[in-house]
>>> print(open('target22.txt').read())   # compact mmCIF, C-alpha atoms
# COMPACT_ATOMS: atom_id res chain seq x y z
CA MET A 1 0.00 0.00 0.00
CA ASP A 2 1.27 3.48 -0.88
CA LYS A 3 0.91 5.26 2.47
CA GLN A 4 1.36 8.73 1.04
CA ALA A 5 -1.27 8.15 -1.62
CA ALA A 6 -3.63 6.77 1.02
CA ALA A 7 -3.08 9.84 3.20
CA ARG A 8 -3.75 12.09 0.21
CA ALA A 9 -6.96 10.20 -0.59
CA LYS A 10 -8.17 10.56 3.00
CA ALA A 11 -7.31 14.26 3.01
CA HIS A 12 -9.35 14.64 -0.15
CA VAL A 13 -12.37 12.91 1.41
CA LYS A 14 -12.12 15.34 4.34
CA GLU A 15 -11.74 18.28 1.98
CA MET A 16 -14.92 17.37 0.09
CA VAL A 17 -16.84 17.08 3.36
CA GLU A 18 -15.44 20.38 4.69
CA ASN A 19 -16.20 22.13 1.42
CA ALA A 20 -19.78 20.87 1.45
CA SER A 21 -20.11 21.88 5.10
CA ALA A 22 -18.91 25.43 4.34
CA PHE A 23 -21.31 25.66 1.44
CA THR A 24 -24.23 24.41 3.47
CA GLU A 25 -23.59 27.03 6.13
CA ALA A 26 -23.15 29.82 3.58
CA LEU A 27 -26.39 28.82 1.84
CA GLY A 28 -28.22 29.22 5.15
CA LEU A 29 -29.14 25.55 5.31
CA PRO A 30 -28.98 23.45 8.48
CA PRO A 31 -25.85 21.23 8.90
CA GLU A 32 -27.86 18.06 8.28
CA LYS A 33 -28.29 19.09 4.64
CA MET A 34 -24.53 18.96 3.95
CA PHE A 35 -24.55 15.57 2.20
CA THR A 36 -27.54 16.66 0.12
CA VAL A 37 -25.45 19.69 -0.90
CA LEU A 38 -22.40 17.49 -1.54
CA SER A 39 -24.35 15.18 -3.85
CA VAL A 40 -25.41 18.13 -6.02
CA MET A 41 -22.08 19.99 -5.97
CA TYR A 42 -20.19 17.04 -7.41
CA LYS A 43 -23.01 15.51 -9.45
CA ASP A 44 -21.45 16.63 -12.75
CA THR A 45 -18.49 14.34 -12.10
CA ILE A 46 -20.75 11.28 -12.32
CA PRO A 47 -21.47 10.08 -15.88
CA ALA A 48 -25.13 10.56 -16.81
CA THR A 49 -25.34 6.91 -17.77
CA ALA A 50 -24.42 5.95 -14.19
CA LEU A 51 -27.45 7.60 -12.64
CA ALA A 52 -29.88 4.98 -11.43
CA THR A 53 -32.96 4.03 -13.35
CA GLN A 54 -34.12 1.64 -10.67
CA PRO A 55 -37.72 1.87 -9.51
CA THR A 56 -38.48 4.37 -6.77
CA THR A 57 -41.28 4.31 -4.24
CA SER A 58 -42.55 7.72 -5.33
CA THR A 59 -46.33 7.73 -5.74
CA GLY A 60 -48.76 10.08 -7.43
CA GLU A 61 -49.64 11.45 -4.01
CA GLU A 62 -45.99 12.23 -3.27
CA ALA A 63 -45.71 14.04 -6.60
CA ILE A 64 -48.72 16.20 -5.63
CA GLU A 65 -47.16 16.91 -2.23
CA ASP A 66 -43.93 17.94 -3.96
CA ARG A 67 -45.89 20.28 -6.22
CA ILE A 68 -47.71 21.87 -3.26
CA PHE A 69 -44.41 22.39 -1.45
CA GLN A 70 -42.77 23.85 -4.56
CA LEU A 71 -45.61 26.29 -5.31
CA SER A 72 -46.02 27.35 -1.67
CA ASN A 73 -42.29 27.90 -1.25
CA ASP A 74 -42.07 29.88 -4.48
CA PHE A 75 -45.14 32.03 -3.86
CA LEU A 76 -44.10 32.84 -0.29
CA SER A 77 -40.55 33.66 -1.42
CA LYS A 78 -41.97 36.18 -3.88
CA ARG A 79 -44.81 37.68 -1.83
CA MET A 80 -44.27 36.88 1.85
CA LYS A 81 -40.53 36.40 2.29
CA GLY A 82 -40.66 36.64 6.06
CA GLN A 83 -42.90 33.58 6.26
CA VAL A 84 -40.74 31.18 4.26
CA ALA A 85 -38.82 29.78 7.26
CA THR A 86 -42.04 29.18 9.23
CA PHE A 87 -43.57 27.42 6.27
CA ARG A 88 -40.57 25.13 5.76
CA ALA A 89 -40.52 24.24 9.44
CA ALA A 90 -44.26 23.51 9.47
CA TRP A 91 -44.19 21.52 6.24
CA GLU A 92 -42.95 18.41 8.05
CA LYS A 93 -46.29 18.34 9.91
CA LEU A 94 -48.43 19.55 7.03
CA LYS A 95 -47.24 16.88 4.61
CA THR A 96 -48.42 14.13 6.97
CA LEU A 97 -52.04 15.28 6.51
CA PRO A 98 -54.20 13.64 3.83
CA LEU A 99 -54.25 15.77 0.68
CA GLU A 100 -58.00 16.39 0.94
CA THR A 101 -57.59 17.67 4.50
CA LEU A 102 -54.74 19.93 3.42
CA GLY A 103 -56.99 21.44 0.74
CA GLN A 104 -59.86 22.04 3.17
CA LEU A 105 -58.05 23.66 6.08
CA GLY A 106 -59.45 27.04 6.98
CA GLN A 107 -58.12 29.73 9.21
CA THR A 108 -59.06 28.28 12.56
CA PRO A 109 -56.79 29.32 15.42
CA ALA A 110 -56.60 25.78 16.81
CA ALA A 111 -55.51 24.28 13.52
CA SER A 112 -53.03 27.11 12.97
CA GLN A 113 -51.41 26.70 16.36
CA GLY A 114 -51.35 22.92 16.20
CA LEU A 115 -49.54 23.05 12.90
CA GLY A 116 -46.99 25.62 13.99
CA PHE A 117 -48.64 28.66 12.44
CA ALA A 118 -49.24 30.57 15.65
CA GLY A 119 -48.73 34.28 16.19
CA GLY A 120 -48.15 36.45 13.13
CA SER A 121 -47.92 33.46 10.81
CA GLN A 122 -51.60 32.53 10.71
CA GLN A 123 -52.06 33.87 7.20
CA LEU A 124 -49.80 31.06 5.97
CA LEU A 125 -52.36 28.32 6.44
CA PRO A 126 -54.97 29.86 4.09
CA VAL A 127 -52.27 30.28 1.44
CA VAL A 128 -51.02 26.68 1.70
CA SER A 129 -54.57 25.36 1.89
CA THR A 130 -55.62 27.30 -1.23
CA ILE A 131 -52.57 26.04 -3.11
CA SER A 132 -53.37 22.45 -2.05
CA TRP A 133 -56.99 22.82 -3.15
CA ALA A 134 -55.96 24.31 -6.51
CA VAL A 135 -53.38 21.59 -7.22
CA ILE A 136 -55.86 18.82 -6.38
CA SER A 137 -58.71 20.48 -8.30
CA TRP A 138 -56.67 21.58 -11.30
CA PRO A 139 -57.67 18.73 -13.67
CA SER A 140 -61.35 19.74 -13.44
CA LEU A 141 -60.72 23.49 -13.05
CA SER A 142 -58.62 23.72 -16.20
CA GLN A 143 -61.06 21.79 -18.38
CA THR A 144 -64.24 23.62 -17.61
CA ASN A 145 -63.32 27.27 -17.18
CA ALA A 146 -61.79 30.23 -18.98
CA PRO A 147 -58.62 31.73 -17.40
CA GLU A 148 -60.50 34.70 -15.88
CA LYS A 149 -63.06 32.38 -14.34
CA ILE A 150 -60.32 30.17 -12.92
CA ILE A 151 -58.67 33.20 -11.30
CA THR A 152 -61.98 34.32 -9.80
CA GLN A 153 -62.76 30.85 -8.50
CA ILE A 154 -59.33 30.39 -6.89
CA ALA A 155 -59.49 33.91 -5.39
CA GLU A 156 -62.90 33.14 -3.85
CA GLU A 157 -61.52 29.92 -2.36
CA ALA A 158 -58.54 31.87 -0.96
CA TRP A 159 -60.80 34.54 0.60
CA ALA A 160 -63.07 31.87 2.06
CA ARG A 161 -60.01 30.37 3.76
CA GLY A 162 -59.00 33.72 5.27
CA CYS A 163 -56.57 35.25 2.75
CA SER A 164 -56.70 39.03 2.45
CA GLU A 165 -58.20 40.39 -0.76
CA ALA A 166 -54.77 41.33 -2.19
CA VAL A 167 -53.06 38.07 -1.26
CA GLY A 168 -56.02 36.00 -2.47
CA TYR A 169 -56.07 37.70 -5.85
CA ALA A 170 -52.26 37.55 -6.27
CA LEU A 171 -52.31 33.88 -5.33
CA ALA A 172 -55.10 33.14 -7.82
CA LYS A 173 -53.19 34.80 -10.66
CA TYR A 174 -49.98 33.05 -9.64
CA LEU A 175 -51.63 29.61 -9.50
CA GLN A 176 -53.50 30.04 -12.76
CA THR A 177 -50.20 30.85 -14.54
CA HIS A 178 -48.05 28.21 -12.89
CA LEU A 179 -50.52 25.34 -12.97
CA ARG A 180 -51.39 26.09 -16.59
CA ASP A 181 -47.67 25.86 -17.53
CA SER A 182 -47.01 22.67 -15.58
CA MET B 1 -27.97 10.56 -5.20
CA ASP B 2 -29.13 7.33 -6.79
CA CYS B 3 -26.39 5.74 -8.88
CA ASP B 4 -26.68 2.62 -10.93
CA LYS B 5 -25.81 -0.65 -9.16
CA LYS B 6 -23.52 -1.69 -12.00
CA TYR B 7 -21.64 1.61 -11.75
CA ILE B 8 -21.04 1.13 -8.02
CA HIS B 9 -19.71 -2.37 -8.72
CA GLU B 10 -17.39 -1.04 -11.45
CA LEU B 11 -16.06 1.65 -9.12
CA LEU B 12 -15.29 -0.93 -6.45
CA VAL B 13 -13.50 -3.10 -9.00
CA GLN B 14 -11.47 -0.09 -10.16
CA LEU B 15 -10.64 0.81 -6.58
CA LYS B 16 -9.50 -2.72 -5.82
CA GLN B 17 -7.35 -2.86 -8.96
CA GLY B 18 -5.85 0.57 -8.30
CA PHE B 19 -5.17 -0.09 -4.62
CA GLN B 20 -1.68 -1.57 -5.03
CA GLN B 21 -0.61 1.40 -7.18
CA GLY B 22 -2.06 3.93 -4.74
CA ASN B 23 -4.76 4.93 -7.19
CA TYR B 24 -7.85 5.94 -5.24
CA TRP B 25 -9.78 8.07 -7.74
CA ALA B 26 -12.89 5.87 -7.44
CA ILE B 27 -13.38 6.95 -3.83
CA ASP B 28 -14.78 10.34 -4.93
CA PRO B 29 -17.65 9.05 -7.10
CA LEU B 30 -18.47 6.37 -4.51
CA MET B 31 -18.80 9.06 -1.90
CA ILE B 32 -20.89 11.30 -4.16
CA CYS B 33 -23.24 8.41 -4.96
CA LEU B 34 -23.70 7.01 -1.46
CA SER B 35 -22.97 9.54 1.29
CA GLU B 36 -26.37 11.27 1.26
CA GLN B 37 -28.24 7.98 1.66
CA PHE B 38 -25.82 6.84 4.37
CA TYR B 39 -26.33 10.08 6.27
CA LEU B 40 -30.13 9.98 6.13
CA ARG B 41 -30.15 6.38 7.32
CA ALA B 42 -27.66 7.04 10.14
CA VAL B 43 -29.61 9.93 11.66
CA SER B 44 -33.15 8.68 11.10
CA ARG B 45 -32.92 4.96 11.78
CA TYR B 46 -29.88 4.75 14.05
CA GLN B 47 -30.37 8.15 15.73
CA LEU B 48 -26.74 9.16 15.35
CA SER B 49 -25.90 12.82 15.88
CA HIS B 50 -24.85 14.90 12.89
CA GLU B 51 -21.19 14.60 13.94
CA ASP B 52 -21.37 10.83 14.49
CA ALA B 53 -23.16 10.28 11.17
CA GLN B 54 -20.48 12.35 9.42
CA ASP B 55 -17.80 10.33 11.21
CA ALA B 56 -19.42 7.01 10.19
CA ILE B 57 -19.41 8.11 6.56
CA GLN B 58 -15.78 9.22 6.63
CA GLN B 59 -14.71 6.02 8.40
CA THR B 60 -16.53 3.96 5.77
CA PHE B 61 -14.46 5.45 2.96
CA PHE B 62 -11.26 5.55 5.02
CA SER B 63 -11.62 1.81 5.67
CA LEU B 64 -11.65 1.15 1.91
CA ILE B 65 -8.51 3.27 1.51
CA ASP B 66 -6.85 1.39 4.38
CA GLY B 67 -7.24 -1.90 2.55
CA GLY B 68 -10.84 -2.92 3.18
CA ILE B 69 -11.40 -2.80 -0.57
CA LYS B 70 -9.22 -5.93 -0.94
CA ARG B 71 -12.11 -7.92 0.57
CA TYR B 72 -14.51 -6.95 -2.21
CA ASP B 73 -15.28 -10.02 -4.32
CA GLU B 74 -15.66 -8.73 -7.87
CA ALA B 75 -16.85 -12.12 -9.12
CA LYS B 76 -19.68 -12.13 -6.60
CA GLY B 77 -20.66 -8.51 -7.29
CA GLY B 78 -23.37 -6.86 -5.18
CA GLY B 79 -21.39 -3.66 -4.70
CA VAL B 80 -24.23 -1.60 -3.26
CA GLY B 81 -25.04 -4.19 -0.63
CA TRP B 82 -21.36 -4.59 0.18
CA MET B 83 -20.97 -0.84 0.72
CA TRP B 84 -24.03 -0.74 2.99
CA ARG B 85 -22.57 -3.58 5.05
CA VAL B 86 -19.30 -1.67 5.48
CA PHE B 87 -21.28 1.41 6.48
CA TYR B 88 -23.48 -0.44 8.99
CA SER B 89 -20.38 -1.90 10.64
CA LYS B 90 -19.02 1.66 11.10
CA VAL B 91 -22.35 2.80 12.55
CA VAL B 92 -22.27 -0.07 15.02
CA ASP B 93 -18.62 0.77 15.90
CA ILE B 94 -19.67 4.33 16.72
CA ILE B 95 -22.63 3.21 18.82
CA ARG B 96 -20.32 0.80 20.67
CA LYS B 97 -17.77 3.59 21.27
CA ASN B 98 -20.50 5.96 22.51
CA GLN B 99 -21.70 3.33 24.94
CA ARG B 100 -18.24 2.99 26.43
CA GLN B 101 -17.72 6.75 26.65
CA ARG B 102 -21.15 8.03 27.63
CA GLY B 103 -22.97 5.10 29.16
CA ARG B 104 -25.84 3.10 27.76
CA GLN B 105 -27.55 5.75 25.61
CA VAL B 106 -28.41 3.63 22.61
CA SER B 107 -28.78 -0.13 22.80
CA LEU B 108 -25.99 -1.89 20.94
CA ASP B 109 -28.09 -5.04 20.60
CA GLU B 110 -30.87 -3.00 19.03
CA ALA B 111 -28.43 -1.40 16.57
CA LEU B 112 -26.97 -4.79 15.62
CA GLU B 113 -30.45 -6.20 15.12
CA LYS B 114 -31.45 -3.25 12.95
CA ALA B 115 -28.27 -3.58 10.88
CA GLN B 116 -28.99 -7.28 10.25
CA GLU B 117 -32.59 -6.48 9.29
CA ASP B 118 -31.45 -3.71 6.96
CA ILE B 119 -28.88 -5.90 5.23
CA LEU B 120 -31.47 -8.63 4.74
CA ALA B 121 -34.04 -6.13 3.41
CA LEU B 122 -31.45 -4.79 0.98
CA GLU B 123 -30.64 -8.26 -0.32
CA VAL B 124 -34.31 -9.23 -0.65
CA SER B 125 -35.17 -6.01 -2.51
CA GLY B 126 -32.39 -6.55 -5.06
CA GLU B 127 -30.34 -3.69 -3.60
CA ILE B 128 -32.90 -0.96 -4.15
CA ASN B 129 -31.84 2.22 -2.37
CA PRO B 130 -33.60 2.03 1.02
CA VAL B 131 -33.62 5.80 1.55
CA GLN B 132 -35.77 8.37 -0.24
CA SER B 133 -35.04 12.10 -0.14
CA SER B 134 -37.74 14.32 1.36
CA ALA B 135 -39.67 16.89 -0.70
CA GLU B 136 -37.65 19.62 1.00
CA ASP B 137 -34.35 17.94 0.04
CA ASN B 138 -35.55 17.63 -3.53
CA GLU B 139 -36.34 21.35 -3.60
CA ILE B 140 -32.87 22.17 -2.27
CA LYS B 141 -31.31 19.94 -4.92
CA LYS B 142 -33.31 21.53 -7.73
CA ALA B 143 -32.46 25.09 -6.63
CA LEU B 144 -28.78 24.31 -6.09
CA GLN B 145 -28.49 22.51 -9.41
CA LYS B 146 -30.10 25.49 -11.15
CA ALA B 147 -27.66 27.84 -9.41
CA LEU B 148 -24.66 25.67 -10.37
CA ASP B 149 -25.90 25.48 -13.97
CA ALA B 150 -25.99 29.29 -14.10
CA LEU B 151 -22.28 29.53 -13.19
CA SER B 152 -19.54 29.47 -15.83
CA ASP B 153 -17.43 26.31 -16.09
CA ASP B 154 -14.51 28.07 -14.38
CA GLU B 155 -16.70 29.29 -11.54
CA ARG B 156 -18.20 25.84 -11.05
CA GLU B 157 -14.75 24.27 -10.95
CA ALA B 158 -13.59 26.91 -8.43
CA THR B 159 -16.46 26.08 -6.09
CA ARG B 160 -15.62 22.37 -6.24
CA ARG B 161 -11.92 22.96 -5.58
CA GLY B 162 -12.81 24.66 -2.32
CA LYS B 163 -11.07 27.41 -0.40
CA GLY B 164 -7.67 25.70 -0.25
CA THR B 165 -4.56 27.80 0.16
CA GLY B 166 -2.65 30.15 -2.12
CA GLY B 167 -3.73 30.69 -5.75
CA GLY B 168 -7.35 30.53 -6.72
CA ARG B 169 -8.76 31.80 -3.42
CA LYS B 170 -10.11 34.99 -4.98
CA GLU B 171 -11.77 33.03 -7.79
CA TYR B 172 -13.27 30.71 -5.20
CA ARG B 173 -14.66 33.59 -3.11
CA VAL B 174 -16.23 35.30 -6.15
CA ALA B 175 -17.78 32.06 -7.42
CA PHE B 176 -18.94 31.13 -3.94
CA GLU B 177 -20.72 34.48 -3.43
CA ARG B 178 -22.38 34.24 -6.83
CA LEU B 179 -23.58 30.72 -6.13
CA CYS B 180 -25.08 31.81 -2.79
CA ALA B 181 -26.89 34.73 -4.46
CA LEU B 182 -28.27 32.49 -7.21
CA PHE B 183 -29.37 29.86 -4.71
CA GLU B 184 -31.20 32.51 -2.69
CA GLU B 185 -32.94 33.68 -5.84
CA TYR B 186 -34.10 30.17 -6.78
CA TYR B 187 -34.82 28.70 -3.35
CA GLY B 188 -35.85 31.72 -1.32
CA PRO B 189 -34.21 33.99 1.23
CA ILE B 190 -31.27 32.63 3.15
CA GLN B 191 -31.98 32.42 6.87
CA GLU B 192 -29.52 34.07 9.22
CA SER B 193 -28.31 31.52 11.74
>>> encode(input="target22.txt", output="C-alpha cells")
Amino acid sequence: MDKQAAARAKAHVKEMVENASAFTEALGLPPEKMFTVLSVMYKDTIPATALATQPTTSTGEEAIEDRIFQLSNDFLSKRMKGQVATFRAAWEKLKTLPLETLGQLGQTPAASQGLGFAGGSQQLLPVVSTISWAVISWPSLSQTNAPEKIITQIAEEAWARGCSEAVGYALAKYLQTHLRDS
Amino acid sequence: MDCDKKYIHELLVQLKQGFQQGNYWAIDPLMICLSEQFYLRAVSRYQLSHEDAQDAIQQTFFSLIDGGIKRYDEAKGGGVGWMWRVFYSKVVDIIRKNQRQRGRQVSLDEALEKAQEDILALEVSGEINPVQSSAEDNEIKKALQKALDALSDDEREATRRGKGTGGGRKEYRVAFERLCALFEEYYGPIQES
C-alpha cells in the first residue's frame, strides 16, 4: 500500500466534506443538509449513464405533495418572504395530513397553532390550503373554465379560507399561470 | 444521489485494482453516490448525531482506503449491498464507542439487530436504495443545481476545488458568493443563523 497516496486520498475525502459543510452554512441551510449539498455539488463528475434508473417508491400522491411544497415555497418567497422559514418548518407536519384535508383547512386558530402557524404566521395556512386545493382540483378546473373564471374561482376559495383580498387575488393569478404551464 | 448498481460495482472493482498502485480516484464518485443515503439512514434509523453520522461516513471510505477494498469479491458482485454492510459496521462501531464513553444511551443489541434487518431487506429487494429524499431535500437539490448550472465552467470548478490555500482563493470567493446569491434567488431567502 502506498501510504502517502492513502493519506492524500483521506485528506481529499475530508476536503470534500469540509467544502460541502462550508457551502451548506453559507447557503443558510442546516448542517444536516450537507450531504444533500455534496451530492449536487459534485453531481457533474458522475457520468449521466451511471445515474440509477431503478424503480423508486414515489407515488402520485408524493408528486402532488412535492408540487404543493414547490408552489407554496415559491409564492411565499416572492410575496411573503418573512414567512418562508415558518412554512418550511411547518411543512414536516403539514405533509403528513391527507391531501384532501390539506386542501380544506381554513383559518381556525386551533388548527393554525397545532400546525406551527401561531402568532403572526396565521395567514400562511390559508395560502397553503388554497394552493393544495388548486393543485388537487386543477384537472377539473382547467377543463371547464376560462382563465379569468379560474382566477376568480381560486381567489374566492382563498378569501373563504382567510386570505386578504390582495393576497387571495395575487395567489389566484400566480396559481393560474403556474398550474397552466405545468 | 441514486447511482446505478452496476456503476457502483465497477467503481469498487477499479478501486481494488488501483489499490496496489495507490490509485484511489474511485473513492470520490463512490462518496458522491452514497454519502447522502448513508447520512439519512444514520440519523433517522440509528439516531446518530450529525457529527457521528459524518464520522461514520468518513470512516466507511477511510476503511476502503486502508485496505478494506481488498475484501470486495468482484466475481460475486453486489457492490451496493457490500458498501451498505461496510457502512453499517461503522455505525455499530460508533454506537459501541459511545456506549463505552457516555454510558448506555443507545442499545448496541438493538443497533446490531437493525443492521442485520437492513442488510437482509437490501438483499431481498435486489439492492434498491432504502432511503428516499424528502420533498424539501428535492427542492434544495433543484435550486442548487439550477444555481450551479448558471455559473460558468470556471466558476463551477472553483467552487468544487474549495477554499484551499494560495492561488485561486479569490476566484473561489467570487464564485462562492455568486452561487449563494443564485441559490437565494431560486430557493428563497437565506436564513440568518
>>> closest_residue(input="target22.txt", among="B:Cys3, B:Ala111, B:Ala121, B:Ala26", to="chain A", atoms="all atoms listed in the file")
B:Cys3
>>> closest_residue(input="target22.txt", among="A:Glu157, A:Arg180, A:Ser72, A:Ile151", to="Pro139 of chain A", atoms="only C-alpha atoms")
A:Arg180
>>> interface_residues(input="target22.txt", of="chain B", to="chain A", cutoff="6 Å", atoms="all atoms listed in the file", output="PyMOL selection string")
chain B and resi 2-4+7+20+22+32+36+135+162+180+188+190-191
>>> closest_residue(input="target22.txt", among="B:Val86, B:Leu64, B:Leu179, B:Ala158", to="Gln145 of chain B", atoms="all atoms listed in the file")
B:Leu179
>>> residues_near_point(input="target22.txt", point="(-26.1, 0.7, 2.2)", cutoff="10 Å", atoms="only C-alpha atoms", output="MDAnalysis selection string")
chainID B and resid 34:35 37:38 41 79:88 115 118:119 122 127:131
>>> residues_near_point(input="target22.txt", point="(-12.4, -1.6, 0.5)", cutoff="10 Å", atoms="all atoms listed in the file", output="JSON list (two decimals) with C-alpha atoms, in the coordinates of the input")
[["chain", "number", "residue", "atom", "x", "y", "z"],
["B", 12, "LEU", "CA", -15.29, -0.93, -6.45],
["B", 13, "VAL", "CA", -13.50, -3.10, -9.00],
["B", 15, "LEU", "CA", -10.64, 0.81, -6.58],
["B", 16, "LYS", "CA", -9.50, -2.72, -5.82],
["B", 19, "PHE", "CA", -5.17, -0.09, -4.62],
["B", 27, "ILE", "CA", -13.38, 6.95, -3.83],
["B", 60, "THR", "CA", -16.53, 3.96, 5.77],
["B", 61, "PHE", "CA", -14.46, 5.45, 2.96],
["B", 62, "PHE", "CA", -11.26, 5.55, 5.02],
["B", 63, "SER", "CA", -11.62, 1.81, 5.67],
["B", 64, "LEU", "CA", -11.65, 1.15, 1.91],
["B", 65, "ILE", "CA", -8.51, 3.27, 1.51],
["B", 66, "ASP", "CA", -6.85, 1.39, 4.38],
["B", 67, "GLY", "CA", -7.24, -1.90, 2.55],
["B", 68, "GLY", "CA", -10.84, -2.92, 3.18],
["B", 69, "ILE", "CA", -11.40, -2.80, -0.57],
["B", 70, "LYS", "CA", -9.22, -5.93, -0.94],
["B", 71, "ARG", "CA", -12.11, -7.92, 0.57],
["B", 72, "TYR", "CA", -14.51, -6.95, -2.21],
["B", 82, "TRP", "CA", -21.36, -4.59, 0.18],
["B", 83, "MET", "CA", -20.97, -0.84, 0.72],
["B", 86, "VAL", "CA", -19.30, -1.67, 5.48]]
>>> axis_aligned_box(input="target22.txt", around="segment 131-134 of chain A", padding_each_side="4 Å", output="AutoDock Vina command-line options")
--center_x -54.8 --center_y 24.2 --center_z -4.3 --size_x 12.4 --size_y 11.6 --size_z 12.5
>>> atom_distance(input="target22.txt", atom1="atom CA of Ser142 of chain A", atom2="atom CA of Gly162 of chain A")
23.7 Å
>>> closest_residue(input="target22.txt", among="B:Leu120, B:Val92, B:Ala150, B:Met1", to="Pro29 of chain B", atoms="all atoms listed in the file")
B:Met1
>>> atom_distance(input="target22.txt", atom1="atom CA of Cys163 of chain A", atom2="atom CA of Pro126 of chain A")
5.8 Å
>>> closest_residue(input="target22.txt", among="B:Ile94, B:Arg161, B:Glu136, B:Tyr24", to="Leu48 of chain B", atoms="all atoms listed in the file")
B:Ile94
>>> atom_distance(input="target22.txt", atom1="atom CA of Leu171 of chain A", atom2="atom CA of Lys149 of chain A")
14.1 Å
